[in-house]
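Okay, structure first, notes after.
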Amino acid sequence: MCGIIGEFFKITPSKLDGFLGRVDRIKHRGPDGQGISFFNKEKKHEIRSPQGLSSYDENLKYLYTDALAHVRLSIIDHSQDGLQPFVDGDLSLAFNGEIYNYIEIREELRLLGYEFSTDTDTEVVLKSYIEWGTDCFRRFNGMWGICIYNRGSETVTLSRDRFGVKPLYYMDTGTSFFVSSEIKALDISFINNDFLALFLEKNYIDFDKNTLYESVYQVEPSTVLIIDKLRAKTEFKYFDVDSYEDKNESVCDLIYDSIKLRNRADVKIGGLLSGGIDSSVIAGVTKKFNSDYKLFSAVFDDGRFCEKKYIQKTEEYLGLDVEYLTPEVDKLSESVAQQVYIQESPLRSMAQIYQYQLYKYISENTDIKVVFNGQGADETFSGYNEHIICYYLDLLINFKFSKFSKEISEYKIISGLSRVNILIKIVSLALSKPKKPKVTLLKSRSMFPPRTLQNRLKFNLMCSALPEYLKYDDRNSMAVGIESRVPFLDYRLVMRALSISPELKISEGVAKIPLREIARKNKLVAPKVLDRKDKAGFVSPQEIYMRTGLKKDIIEHVNNIKKYNQFFNVSAIDSMIYDFLNDNPVDYNMIFRLYTTSIWIDKYNLRFKNEA
């Protein structure tokens with residue numbers, strides 16, 4: 001787990017010290033050492049150091065035209081052998097992530113005659129590429145952002161894991177081609193106006209190659225991108241959710257195997273635990289073969305937002321060691337601003353702030369360097385409330401009226417909604433259409449979530465909201481030298497879960513039926529937790545904080561953003577501020593997005609396109 005920064009095809013050679021300044025911007029991703037391979041004319045240089053590249057000042061005088069640097073968080077093979085980039089002939093490789101099945105692939109390569117000098121998965125990645133070319137990515141089970149520079153062919157090959165757990169960005173300035181694990185290492189100036197409008201109006205972000213920054217793109221999940229010196233590009237998908245052939249393996253076996261594979265590490269492993277099923281299943285399985293498994297949870301003093309009673313049930317049931325952290329709320333405005341910088345974007349909510357505080361606590365108070373996270377189960381096993389409504393619409397479309405009536409009756413009891421209100425939700429979904437912009441003068445694209453359950457799951461998995469949650473998780477964990485692993489995003493498990501019939505996933509108003517049954521049968525989750533019918537998620541008293549400790553800061557920033565009146569509907573924003581100040585009903589989520597957008601613009605000194 002690490003960070004990558006590369007600059008290639010530089011037209012005018014320059015000194016290396018400028019490039020190393022970019023390395024410094026992502027050094028938090030790799031506190032355990034740095035390395036660089038760089039080229040000038042016919043010469044190739046390699047430097048690797050646990051102390052960092054700054055200790056090699058004598059090399060800063062060198063000129064370079066191509067450079068690939070790496071900052072390392074050591075998880076597998078702590079020795080200096082693991083420092084990257086790895087070089088073999090004309091190839092230089094920098095790798096961010098983990099290949100969990102590297103042991104099996106290494107044995108396969110040994111049978112083909114390859115020898116290995118390290119115990120790293122990085123060496124397996126490089127030799128897999130030498131043997132199979134870009135087909136190697138289909139063999140990997142893991143998370144990754146990979147950059148391979150071929151000096152001979154003068155090409156850069158980029159690859160990202162199937163679901164985009166690990167980031168990888170690129171930018172072509174005309175004079176250089178940059179690759180980076182984080183955008184803050186690049187030279188950014190302008191906002192992607194259309195993309196910002198889409199985030200503000202529809203809450204979509206990180207769903208295709210575009211980003212909130214003009215001219216900065218991300219390698220999309222499941223994608224290989226090859227660029228040559230003339231900027232000719234070859235791009236293709238090595239994995240497709242719709243064309244994957246499900247092998248009909250046992251869901252239970254896949255859950256166990258995924259978690260077992262992700263326990264491969266030469267460091268101590270811990271986990272995050274909520275009061276729900278997903279993280280509890282991971283804890284229950286891990287506990288069976290890792291007795292030294294410690295968990296952490298954020299809980300609020302306010303009982304309306306606290307999951308502690310459910311977490312304690314799982315803690316007692318499984319005999320776990322759980323440490324509880326109460327989120328810090330005394331410096332909220334500073335925490336919001338810090339999180340905007342870490343995330344490189346405006347925020348959807350305050351939830352990621354509490355996640356960051358958890359990771360920071362783990363990093364500073366324990367020797368744990370790998371943490372399990374439950375992301376991905378909702379998007380594959382139908383865990384969101386919207387999935388239930390999509391399923392009910394499916395029943396109507398397919399004329400399953402008897403089952404529809406029965407389901408509505410059960411959901412009415414569980415949700416506390418009246419039959420009329422449930423029907424209104426279903427009709428609203430069926431008749432939904434794009435809405436006019438509320439606060440921007442920009443016309444955002446007509447991106448609309450599918451109505452059928454199966455397509456909605458795929459949309460949530462690849463477009464919204466999982467990619468956003470994965471970005472939050474990556475930045476927060478890597479900001480403090482922690483590797484986050486997501487067992488539910490093992491591609492075999494994802495595809496098997498997606499193949500399960502909707503009628504087997506949702507029944508009598510209850511979602512995630514297959515996961516609940518596995519947990520109950522294998523005694524992985526406390527019965528009290530399994531019997532929960534609600535979907536709480538990570539709830540927080542955000543609206544309370546917005547009306548109290550954050551109120552002054554919010555008003556200041558939202559008023560400040562009105563100066564960009566060629567992009568924002570000032571009268572609409574004024575109306576929202578009035579309602580917010582007078583405690584009238586208002587879209588708090590929209591206000592929070594506007595608030596953090598203003599902070600983001602200031603933090604990164606950004607300008608709008610065509611700004612005078």
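A note on labels: chains of the structure tokens are A, B, ... as shown, every chain counts residues from 1, and ligands are counted from 1 in their shown order.
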
Exercise for review: Considering only C-alpha atoms, return as a VMD selection string whatever protein or nucleic-acid residues lie within 8 Å of Cys463 in chain A, sequence-local ones (same chain, fewer than 6 positions apart) excluded.
Suggested key: chain A and resid 204 206 to 208

Would you mind exporting the chosen residues as a compact mmCIF listing (two decimals), in the first residue's frame, restricted to N, CA, C and O atoms?
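Writing the result to selection_14.txt gives the following:
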# COMPACT_ATOMS: atom_id res chain seq x y z
N TYR A 204 -23.27 13.29 -7.43
CA TYR A 204 -22.48 12.28 -8.13
C TYR A 204 -21.04 12.75 -8.24
O TYR A 204 -20.76 13.89 -8.59
N ASP A 206 -16.83 10.86 -8.93
CA ASP A 206 -15.99 9.67 -9.10
C ASP A 206 -16.72 8.52 -9.80
O ASP A 206 -16.65 7.38 -9.34
N PHE A 207 -17.40 8.78 -10.90
CA PHE A 207 -18.13 7.71 -11.56
C PHE A 207 -17.67 7.47 -12.99
O PHE A 207 -18.13 6.52 -13.63
N ASP A 208 -16.79 8.31 -13.54
CA ASP A 208 -16.20 8.03 -14.84
C ASP A 208 -14.78 8.60 -14.84
O ASP A 208 -14.22 8.88 -13.78

Review point. Near Arg547 in chain A, within 10 Å and counting only C-alpha atoms, which residues show up once chain neighbours fewer than 2 positions away are dropped, as a PyMOL selection string?
Key: chain A and resi 542-545+549-552+554+580-583+588

If you take only C-alpha atoms and a cut-off of 12 Å, which residues of range 27-55 of chain A touch range 168-188 of chain A, and what are their nearest atom pairs and distances in Å to one decimal, in chain and number order, as a Markdown table?
| residue | atom | partner | partner_atom | distance |
| --- | --- | --- | --- | --- |
| A:Lys27 | CA | A:Ala185 | CA | 10.0 |
| A:His28 | CA | A:Glu182 | CA | 10.9 |
| A:Arg29 | CA | A:Ser181 | CA | 9.0 |
| A:Gly30 | CA | A:Ser181 | CA | 11.3 |

**Study point:** Nearest candidate to Thr157 in chain A (options A:Gln357, A:Thr234, A:Asn193, A:Thr118; using only C-alpha atoms)
**Key:** A:Thr234

Exercise for review: Determine which residues of range 448-579 of chain A receive a DSSP assignment of helix (DSSP H, G or I), computed from the backbone, and state them as an NGL selection string.
Suggested key: :A and (453-462 or 466-478 or 487-489 or 491-498 or 502-505 or 513-521 or 527-530 or 542-547 or 551-561 or 570-579)

Check your understanding: Can you list, as number ranges by chain, every protein, DNA or RNA residue that comes within 10 Å of Thr366 in chain A when you count only C-alpha atoms, leaving out same-chain residues fewer than 6 positions away?
Key -> A: 268, 270, 294

Write the selection just made, keeping N, CA, C and O atoms, as a CSV table (one decimal), in the first residue's frame?
chain,number,residue,atom,x,y,z
A,268,LYS,N,0.2,-6.4,11.9
A,268,LYS,CA,-1.0,-6.7,12.7
A,268,LYS,C,-2.2,-6.1,12.0
A,268,LYS,O,-2.2,-5.0,11.4
A,270,GLY,N,-6.4,-5.1,12.2
A,270,GLY,CA,-7.6,-4.8,13.0
A,270,GLY,C,-8.8,-4.5,12.1
A,270,GLY,O,-8.7,-4.8,10.9
A,294,LYS,N,-8.3,-7.0,16.9
A,294,LYS,CA,-8.9,-5.9,17.7
A,294,LYS,C,-9.7,-5.0,16.8
A,294,LYS,O,-9.4,-4.7,15.6

Exercise for review: Name the residues in contact with Met350 in chain A at a cut-off of 12 Å, using only C-alpha atoms, excluding same-chain residues fewer than 3 positions from it; report them as an MDAnalysis selection string.
Suggested key: chainID A and resid 327:329 332:333 335:340 346:347 353:357 472 538:546 550 588:589 592:593 595:596
